[in-house]
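Asker: My structure file model-v4.csv, CSV, C-alpha atoms and all ligand atoms, is below:
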```
chain,number,residue,atom,x,y,z
M,1370,MET,CA,127.1,126.7,62.5
M,1371,PRO,CA,128.0,124.8,59.3
M,1372,LYS,CA,130.5,122.0,59.8
M,1373,ALA,CA,132.3,120.0,57.2
M,1374,SER,CA,131.6,116.4,56.5
M,1375,LYS,CA,134.4,113.9,57.3
M,1376,LYS,CA,135.4,113.9,53.7
M,1377,GLU,CA,135.6,117.7,53.5
M,1378,LEU,CA,137.5,117.8,56.7
M,1379,PHE,CA,139.9,115.2,55.3
M,1380,GLU,CA,140.4,117.4,52.2
M,1381,LEU,CA,141.1,120.4,54.4
M,1382,TYR,CA,143.8,118.4,56.2
M,1383,GLN,CA,145.3,117.6,52.9
M,1384,ASP,CA,145.9,121.2,52.1
M,1385,HIS,CA,149.5,122.0,52.8
M,1386,GLN,CA,148.7,125.5,54.0
M,1387,VAL,CA,146.2,124.2,56.4
M,1388,GLN,CA,148.8,121.7,57.7
M,1389,LEU,CA,151.3,124.5,58.2
M,1390,LEU,CA,148.8,126.6,60.1
M,1391,ILE,CA,147.8,123.6,62.3
M,1392,SER,CA,151.4,122.7,62.9
M,1393,LYS,CA,152.1,126.3,64.0
M,1394,PHE,CA,149.2,126.0,66.5
M,1395,VAL,CA,150.6,122.7,67.8
M,1396,SER,CA,154.3,123.5,67.8
M,1397,ASP,CA,154.4,127.2,68.7
M,1398,LYS,CA,151.5,126.7,71.1
M,1399,PRO,CA,149.8,130.1,70.5
M,1400,GLY,CA,146.6,128.5,71.9
M,1401,VAL,CA,144.6,131.5,70.8
M,1402,MET,CA,145.6,133.4,67.7
M,1403,LYS,CA,144.7,137.1,68.3
M,1404,PRO,CA,144.6,139.7,65.6
M,1405,ILE,CA,147.2,142.4,65.6
M,1406,TYR,CA,146.0,146.0,65.3
M,1407,ASP,CA,147.6,148.7,63.2
M,1408,PRO,CA,145.8,152.0,62.5
M,1409,LYS,CA,146.7,151.9,58.8
M,1410,GLN,CA,146.0,148.2,58.1
M,1411,GLY,CA,143.3,147.5,60.7
M,1412,PHE,CA,143.5,144.0,62.1
M,1413,SER,CA,145.7,141.3,60.7
M,1414,TYR,CA,146.9,137.8,61.4
M,1415,PRO,CA,150.7,137.8,60.5
M,1416,MET,CA,151.0,134.1,61.2
M,1417,VAL,CA,148.4,133.3,58.4
M,1418,ASP,CA,149.8,136.0,56.1
M,1419,ASP,CA,153.2,134.3,56.3
M,1420,ILE,CA,151.8,130.9,55.4
M,1421,LEU,CA,149.7,132.2,52.5
M,1422,GLY,CA,152.6,134.5,51.3
M,1423,GLU,CA,150.3,137.5,51.2
M,1424,SER,CA,147.4,138.9,53.1
M,1425,SER,CA,144.6,139.4,50.6
M,1426,HIS,CA,143.1,135.9,51.2
M,1427,THR,CA,143.7,135.6,54.9
M,1428,GLU,CA,140.1,136.3,55.9
M,1429,GLU,CA,138.7,133.8,53.3
M,1430,PHE,CA,141.2,131.2,54.5
M,1431,LEU,CA,140.2,131.6,58.1
M,1432,GLU,CA,136.5,131.5,57.2
M,1433,LYS,CA,137.0,128.3,55.4
M,1434,LEU,CA,138.8,126.7,58.3
M,1435,TYR,CA,136.1,128.0,60.7
M,1436,ASN,CA,133.3,126.5,58.5
M,1437,GLY,CA,135.3,123.3,58.2
M,1438,GLY,CA,135.4,122.8,61.9
M,1439,VAL,CA,139.2,123.1,62.1
M,1440,LEU,CA,139.1,126.5,63.9
M,1441,ASP,CA,136.9,127.9,66.6
M,1442,ARG,CA,136.5,131.7,66.8
M,1443,GLU,CA,135.5,134.2,69.4
M,1444,LEU,CA,134.4,137.8,68.9
M,1445,TYR,CA,137.6,139.8,69.8
M,1446,ASP,CA,136.7,143.3,68.6
M,1447,LYS,CA,134.7,145.3,66.1
M,1448,ILE,CA,136.2,147.4,63.5
M,1449,ILE,CA,134.9,150.4,61.6
M,1450,TYR,CA,135.9,151.1,58.0
M,1451,CYS,CA,135.4,154.4,56.2
M,1452,PRO,CA,132.6,154.1,53.6
M,1453,SER,CA,134.5,156.4,51.2
M,1454,CYS,CA,138.0,155.0,51.2
M,1455,ASN,CA,137.8,151.8,53.2
M,1456,SER,CA,140.4,152.9,55.7
M,1457,PRO,CA,140.3,151.5,59.2
M,1458,ASN,CA,142.0,154.7,60.5
M,1459,ILE,CA,138.8,156.1,62.1
M,1460,SER,CA,138.3,158.3,65.1
M,1461,VAL,CA,135.2,159.4,66.9
M,1462,HIS,CA,134.1,163.1,66.9
M,1463,TYR,CA,131.6,164.1,69.5
M,1464,THR,CA,129.6,166.9,67.8
M,1465,CYS,CA,127.2,169.7,68.7
M,1466,PRO,CA,123.6,168.5,68.1
M,1467,TYR,CA,122.7,172.1,66.9
M,1468,CYS,CA,125.5,173.1,64.4
M,1469,LYS,CA,127.3,169.7,64.0
M,1470,THR,CA,130.8,171.0,64.7
M,1471,PHE,CA,133.1,168.8,66.7
M,1472,ASP,CA,134.6,171.9,68.3
M,1473,VAL,CA,132.9,171.0,71.6
M,1474,LYS,CA,134.1,171.5,75.1
M,1475,LYS,CA,133.4,168.8,77.6
M,1476,SER,CA,133.2,169.9,81.3
M,1477,ALA,CA,132.2,168.2,84.5
M,1478,LEU,CA,129.2,169.4,86.4
M,1479,VAL,CA,129.6,170.1,90.1
M,1480,GLU,CA,126.8,170.4,92.6
M,1481,HIS,CA,127.4,172.2,95.9
M,1482,ILE,CA,125.4,169.9,98.2
M,1483,LYS,CA,124.6,172.5,100.9
M,1484,CYS,CA,123.1,175.2,98.7
M,1485,GLY,CA,122.2,173.0,95.7
M,1486,TYR,CA,124.0,175.2,93.2
M,1487,ILE,CA,125.0,173.3,90.0
M,1488,GLU,CA,127.6,174.7,87.5
M,1489,THR,CA,130.4,173.5,85.4
M,1490,GLU,CA,133.6,172.7,87.3
M,1491,ASP,CA,135.6,175.6,85.8
M,1492,ARG,CA,133.1,178.1,87.3
M,1493,PHE,CA,134.0,176.7,90.8
M,1494,GLN,CA,137.7,177.0,90.1
M,1495,ASN,CA,139.2,179.8,92.2
M,1496,ASN,CA,143.0,180.0,92.6
M,1497,GLY,CA,143.4,176.2,92.6
M,1498,LYS,CA,140.5,175.8,95.0
M,1499,LEU,CA,136.8,174.9,94.5
M,1500,VAL,CA,134.6,177.8,95.7
M,1501,CYS,CA,130.8,177.9,95.2
M,1502,PRO,CA,130.1,181.0,93.0
M,1503,ARG,CA,126.7,181.4,94.7
M,1504,CYS,CA,127.4,181.2,98.5
M,1505,LYS,CA,131.2,181.6,98.3
M,1506,LYS,CA,131.9,178.6,100.5
M,1507,GLU,CA,135.0,176.6,99.8
M,1508,LEU,CA,134.3,173.0,98.8
M,1509,THR,CA,136.9,170.5,100.1
M,1510,SER,CA,135.5,167.0,100.5
M,1511,PRO,CA,134.0,165.2,97.5
M,1512,ASP,CA,130.7,163.5,98.4
M,1513,VAL,CA,130.4,165.6,101.6
M,1514,ASP,CA,130.7,169.2,100.2
M,1515,TYR,CA,130.0,168.5,96.6
M,1516,ASN,CA,129.0,166.0,94.0
M,1517,LYS,CA,130.1,165.4,90.5
M,1518,ALA,CA,126.8,165.8,88.7
M,1519,GLY,CA,127.6,164.5,85.3
M,1520,VAL,CA,129.0,166.2,82.2
M,1521,TRP,CA,128.0,169.3,80.3
M,1522,CYS,CA,129.1,170.2,76.8
M,1523,THR,CA,129.4,173.7,75.3
M,1524,CYS,CA,129.8,174.3,71.6
M,1525,ASN,CA,132.7,176.7,70.8
M,1526,LYS,CA,131.0,177.6,67.5
M,1527,CYS,CA,127.3,178.3,68.3
M,1528,SER,CA,127.8,178.6,72.1
M,1529,LYS,CA,124.8,176.3,72.8
M,1530,SER,CA,125.1,173.9,75.7
M,1531,PHE,CA,123.9,170.3,75.9
M,1532,ASP,CA,124.5,167.2,77.9
M,1533,ILE,CA,124.7,164.5,75.2
M,1534,PRO,CA,126.8,165.2,72.1
M,1535,VAL,CA,126.2,163.3,68.8
M,1536,PRO,CA,128.9,160.8,68.0
M,1537,PHE,CA,130.2,160.9,64.4
M,1538,HIS,CA,133.0,158.9,62.8
M,1539,PHE,CA,135.9,160.7,61.2
M,1540,CYS,CA,138.2,159.1,58.6
M,1541,ARG,CA,141.8,160.3,59.3
M,1542,GLU,CA,142.8,159.2,55.8
M,1543,CYS,CA,140.2,161.0,53.5
M,1544,ARG,CA,138.8,163.2,56.3
M,1545,THR,CA,135.2,162.2,55.6
M,1546,ASN,CA,132.6,162.4,58.4
M,1547,PHE,CA,130.1,159.6,58.5
M,1548,SER,CA,127.5,158.3,60.9
M,1549,PHE,CA,126.9,154.8,62.2
M,1550,ASP,CA,124.3,154.4,59.4
M,1551,ASP,CA,127.0,154.6,56.8
M,1552,ALA,CA,129.9,153.0,58.6
M,1553,ILE,CA,131.2,149.6,57.5
M,1554,TYR,CA,131.1,147.7,60.7
M,1555,LYS,CA,132.7,144.3,61.0
M,1556,ASP,CA,133.4,141.5,63.5
M,1557,VAL,CA,137.0,140.7,64.3
M,1558,TYR,CA,137.8,137.3,65.7
M,1559,SER,CA,140.4,135.5,67.7
M,1560,TYR,CA,141.0,131.8,66.6
M,1561,SER,CA,141.9,128.6,68.2
M,1562,LEU,CA,141.9,125.0,67.1
M,1563,THR,CA,138.6,123.2,67.7
M,1564,PRO,CA,139.0,120.4,70.3
M,1565,GLU,CA,138.3,117.9,67.5
M,1566,ALA,CA,141.0,119.3,65.3
M,1567,ALA,CA,143.4,119.5,68.2
M,1568,LYS,CA,142.8,115.9,69.0
M,1569,GLU,CA,143.1,114.8,65.4
M,1570,VAL,CA,146.3,116.6,64.8
M,1571,ASN,CA,147.8,116.4,68.3
M,1572,LEU,CA,150.6,114.2,67.0
M,1573,GLY,CA,150.0,113.9,63.3
M,1574,TYR,CA,150.7,117.2,61.7
M,1575,ALA,CA,153.3,118.5,64.1
M,1576,LEU,CA,155.3,115.5,63.1
M,1577,THR,CA,154.4,115.0,59.5
M,1578,VAL,CA,154.9,118.6,58.3
M,1579,PRO,CA,158.6,118.8,59.2
M,1580,VAL,CA,159.1,115.3,58.0
M,1581,ILE,CA,157.4,116.0,54.6
M,1582,GLU,CA,159.6,119.0,54.1
M,1583,PHE,CA,162.7,117.2,55.0
M,1584,LEU,CA,161.9,114.3,52.7
M,1585,GLU,CA,161.0,116.6,49.8
M,1586,ASP,CA,164.3,118.3,50.2
M,1587,LEU,CA,165.9,114.9,49.7
M,1588,GLY,CA,164.0,114.5,46.5
M,1589,PHE,CA,161.4,112.1,47.7
M,1590,THR,CA,157.8,112.3,46.4
M,1591,VAL,CA,155.7,112.4,49.6
M,1592,GLU,CA,152.0,111.8,50.2
M,1593,SER,CA,150.4,112.3,53.5
M,1594,PRO,CA,148.4,110.3,54.2
M,1595,GLY,CA,149.8,108.0,51.7
M,1596,PHE,CA,148.0,105.1,50.0
M,1597,LEU,CA,149.5,101.8,48.8
M,1598,ASN,CA,147.6,99.2,46.9
M,1599,GLY,CA,147.9,95.7,48.4
M,1600,LYS,CA,148.2,92.4,46.6
M,1601,SER,CA,144.7,91.6,47.9
M,1602,GLY,CA,143.3,94.7,46.1
M,1603,THR,CA,142.9,96.6,49.4
M,1604,ARG,CA,144.2,100.1,49.5
M,1605,HIS,CA,146.1,100.7,52.7
M,1606,MET,CA,146.6,104.1,54.3
M,1607,PHE,CA,149.8,105.2,56.0
M,1608,ASP,CA,150.4,108.5,57.7
M,1609,LEU,CA,153.1,109.1,55.1
M,1610,THR,CA,154.5,107.4,52.1
M,1611,ALA,CA,157.7,108.5,50.4
M,1612,VAL,CA,159.0,107.4,47.0
M,1613,SER,CA,162.7,108.0,46.3
M,1614,ALA,CA,163.9,109.7,43.2
M,1615,GLY,CA,166.0,108.0,40.6
M,1616,ASN,CA,165.7,104.9,38.4
M,1617,LYS,CA,165.3,102.3,41.2
M,1618,GLN,CA,162.4,103.9,43.0
M,1619,SER,CA,161.9,102.6,46.5
M,1620,THR,CA,158.8,103.2,48.6
M,1621,THR,CA,158.9,103.9,52.4
M,1622,ALA,CA,155.7,103.7,54.5
M,1623,ILE,CA,155.7,105.6,57.8
M,1624,ASP,CA,153.2,105.5,60.6
M,1625,PHE,CA,153.2,107.6,63.7
M,1626,VAL,CA,151.8,106.4,67.0
M,1627,THR,CA,151.7,108.1,70.4
M,1628,SER,CA,150.6,107.2,73.8
M,1629,SER,CA,149.7,109.4,76.8
M,1630,GLU,CA,150.8,106.6,79.0
M,1631,ASP,CA,154.4,105.5,79.3
M,1632,VAL,CA,154.6,103.1,76.4
M,1633,VAL,CA,152.9,102.5,73.1
M,1634,SER,CA,151.2,99.1,72.9
M,1635,GLU,CA,152.3,96.4,70.4
M,1636,GLN,CA,148.9,96.6,68.8
M,1637,SER,CA,150.2,99.4,66.6
M,1638,VAL,CA,153.1,97.1,65.4
M,1639,ILE,CA,150.6,94.4,64.6
M,1640,SER,CA,148.3,96.7,62.6
M,1641,MET,CA,151.2,98.1,60.6
M,1642,PHE,CA,152.4,94.6,59.9
M,1643,ALA,CA,149.0,93.7,58.5
M,1644,LYS,CA,149.2,96.6,56.1
M,1645,ILE,CA,152.8,96.1,54.9
M,1646,PHE,CA,152.3,92.3,54.5
M,1647,ASP,CA,149.7,93.1,51.9
M,1648,ALA,CA,151.1,96.4,50.5
M,1649,THR,CA,154.8,95.4,50.5
M,1650,PRO,CA,156.6,98.8,50.7
M,1651,ASP,CA,160.4,98.6,50.4
M,1652,LYS,CA,160.8,100.0,53.9
M,1653,ALA,CA,158.4,100.5,56.8
M,1654,CYS,CA,159.0,102.8,59.7
M,1655,LEU,CA,156.9,103.1,62.8
M,1656,VAL,CA,157.5,106.1,65.0
M,1657,ALA,CA,156.5,105.5,68.6
M,1658,ILE,CA,156.3,108.3,71.1
M,1659,PRO,CA,157.5,108.2,73.8
M,1660,LYS,CA,158.6,104.5,73.5
M,1661,MET,CA,157.4,101.1,72.4
M,1662,SER,CA,156.4,98.3,74.8
M,1663,GLU,CA,158.9,95.4,75.1
M,1664,ASN,CA,156.6,93.1,73.2
M,1665,GLY,CA,156.2,95.7,70.5
M,1666,ARG,CA,159.9,95.9,70.0
M,1667,LYS,CA,160.3,92.2,69.6
M,1668,LEU,CA,157.4,92.1,67.1
M,1669,ALA,CA,158.8,95.0,65.1
M,1670,SER,CA,162.2,93.3,64.7
M,1671,LEU,CA,160.4,90.1,63.7
M,1672,TYR,CA,158.3,91.8,61.2
M,1673,LYS,CA,161.1,93.9,59.8
M,1674,ILE,CA,159.5,97.2,60.8
M,1675,GLN,CA,162.1,99.9,61.5
M,1676,LEU,CA,161.1,101.1,65.0
M,1677,ILE,CA,161.8,104.7,65.9
M,1678,GLU,CA,161.3,105.8,69.5
M,1679,GLY,CA,161.6,109.3,70.6
M,1680,LYS,CA,160.8,111.1,73.9
M,1681,ASN,CA,159.2,113.9,72.0
M,1682,GLN,CA,158.4,115.1,68.6
M,1683,ASN,CA,161.7,116.7,67.8
M,1684,SER,CA,163.9,113.8,68.9
M,1685,SER,CA,161.6,111.4,66.9
M,1686,ILE,CA,162.0,113.6,63.8
M,1687,GLU,CA,165.8,113.5,64.2
M,1688,ALA,CA,165.7,109.7,64.6
M,1689,LEU,CA,163.5,109.3,61.6
M,1690,LYS,CA,165.8,111.4,59.5
M,1691,ALA,CA,168.7,109.2,60.5
M,1692,CYS,CA,166.7,106.0,59.7
M,1693,ILE,CA,165.7,107.2,56.3
M,1694,THR,CA,169.1,108.5,55.2
M,1695,GLU,CA,171.1,105.5,56.4
P,1,ZN,ZN,138.2,157.6,54.3
P,2,ZN,ZN,127.1,174.2,67.9
P,3,ZN,ZN,126.9,177.1,97.4
```
Would you mind giving the structure from this file in structure tokens?
Ligand SMILES: [Zn+2]
Ligand SMILES: [Zn+2]
Ligand SMILES: [Zn+2]

Answerer:
Amino acid sequence: MPKASKKELFELYQDHQVQLLISKFVSDKPGVMKPIYDPKQGFSYPMVDDILGESSHTEEFLEKLYNGGVLDRELYDKIIYCPSCNSPNISVHYTCPYCKTFDVKKSALVEHIKCGYIETEDRFQNNGKLVCPRCKKELTSPDVDYNKAGVWCTCNKCSKSFDIPVPFHFCRECRTNFSFDDAIYKDVYSYSLTPEAAKEVNLGYALTVPVIEFLEDLGFTVESPGFLNGKSGTRHMFDLTAVSAGNKQSTTAIDFVTSSEDVVSEQSVISMFAKIFDATPDKACLVAIPKMSENGRKLASLYKIQLIEGKNQNSSIEALKACITE
């Protein structure tokens, strides 16, 4: 399957709509996004429609993310569309192979084991009991007295009988009959984040998306990731940069760091310091989840990095808001 290059993937992650979708996967934890079925609309993905603001590009959008290696997909169902009107509101008609009507009666075949007589079940029905029409014995125990011997169809139009009807599709909207040959037959998928994307964004986007929105509401110009040029000529990347509005523009650089262990190591403070020493933003915030090591705290205060610690994403976001607006 085609996968995007690092650069293409990076561009995908830049797309605000992609970020929103990923943050939904991370924050709402749907795990697997399943399509919702409606007979009039067919399958849809309301979560994606909401993000895109309409539904006409949803399929294309998901295809792009699948090809880009952001989403995995699995075959969830198949859907049939009418070749005449494109409606997904389709039923199956089992038709008579002789006269093509769907006015066909389906019956069970019953075999009286002892005498070998086989007939449709209704012929055995006798005042609520099953009685063999040939030998007149009553049949009481399935598998002992009688077997179900398959199905038998009778056409109510031409009166012919047959065991295998011919399936046809019927459009409930425009009432067209069509065969499998003419049917529009499509795959329907469920989606999940690829392990790579999940790893990549595990912290990043769940945090950055709400922070970006909050900063933009305050009038900041936000880039994520954000780049600042250093005195040395090196371009430094931060998880987020925010430039305040107004005459005296000030730049804030924000990095997020997380640890699956108890504490985040001071290495993250040192690497942020190396960047801000060169790039000189007006303010530097380092968000550490769940908390920073003791050494890291000391270094952050020495290096004038605003350290924000939060047990989880939400409390970190709140603390970051407080830090930026102070
Ligand atoms: Zn139709
Ligand atoms: Zn017929
Ligand atoms: Zn019998």

Asker: Up to 10 Å from (120.4, 166.8, 74.8) in the file's coordinates: name the residues, counting only C-alpha atoms, as a PyMOL selection string.

Answerer: chain M and resi 1465-1467+1521-1522+1530-1535

Asker: Find the residues around Glu1432 in chain M up to 12 Å (all atoms listed in the file counted), leave out those fewer than 2 positions away in its own chain, and share them as a list in words.

Answerer: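 The residues satisfying every condition are Met1370, Pro1371, Lys1372, His1426, Thr1427, Glu1428, Glu1429, Phe1430, Leu1434, Tyr1435, Asn1436, Gly1437, Gly1438, Val1439, Leu1440, Asp1441, Arg1442, Val1557, Tyr1558, Ser1559 and Tyr1560 of chain M.
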
Asker: Please list as a ChimeraX atom specification every residue within 9 Å of Val1387 in chain M, counting all atoms listed in the file and excluding residues in the same chain fewer than 4 positions away.

Answerer: /M:1381-1383,1391-1392,1420,1430,1434

Asker: Counting all atoms listed in the file, which of M:Ala1518, M:Leu1576, M:Ala1648, M:Ile1686 gets nearest to Glu1488 in chain M?

Answerer: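 Between M:Ala1518, M:Leu1576, M:Ala1648, M:Ile1686, the residue approaching Glu1488 in chain M most closely is M:Ala1518.
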
Asker: For Gln1388 in chain M, which residue out of M:Glu1507, M:Glu1490, M:Asp1407, M:Glu1582 is the nearest one, using all atoms listed in the file?

Answerer: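 Residue with the minimum atom-to-atom distance to Gln1388 in chain M: M:Glu1582.
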
Asker: Which residue gives the smallest distance to Glu1678 in chain M among M:Asn1664, M:Gln1386, M:Gln1636, M:Thr1627, with only C-alpha atoms counted?

Answerer: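 The closest residue to Glu1678 in chain M is M:Thr1627.
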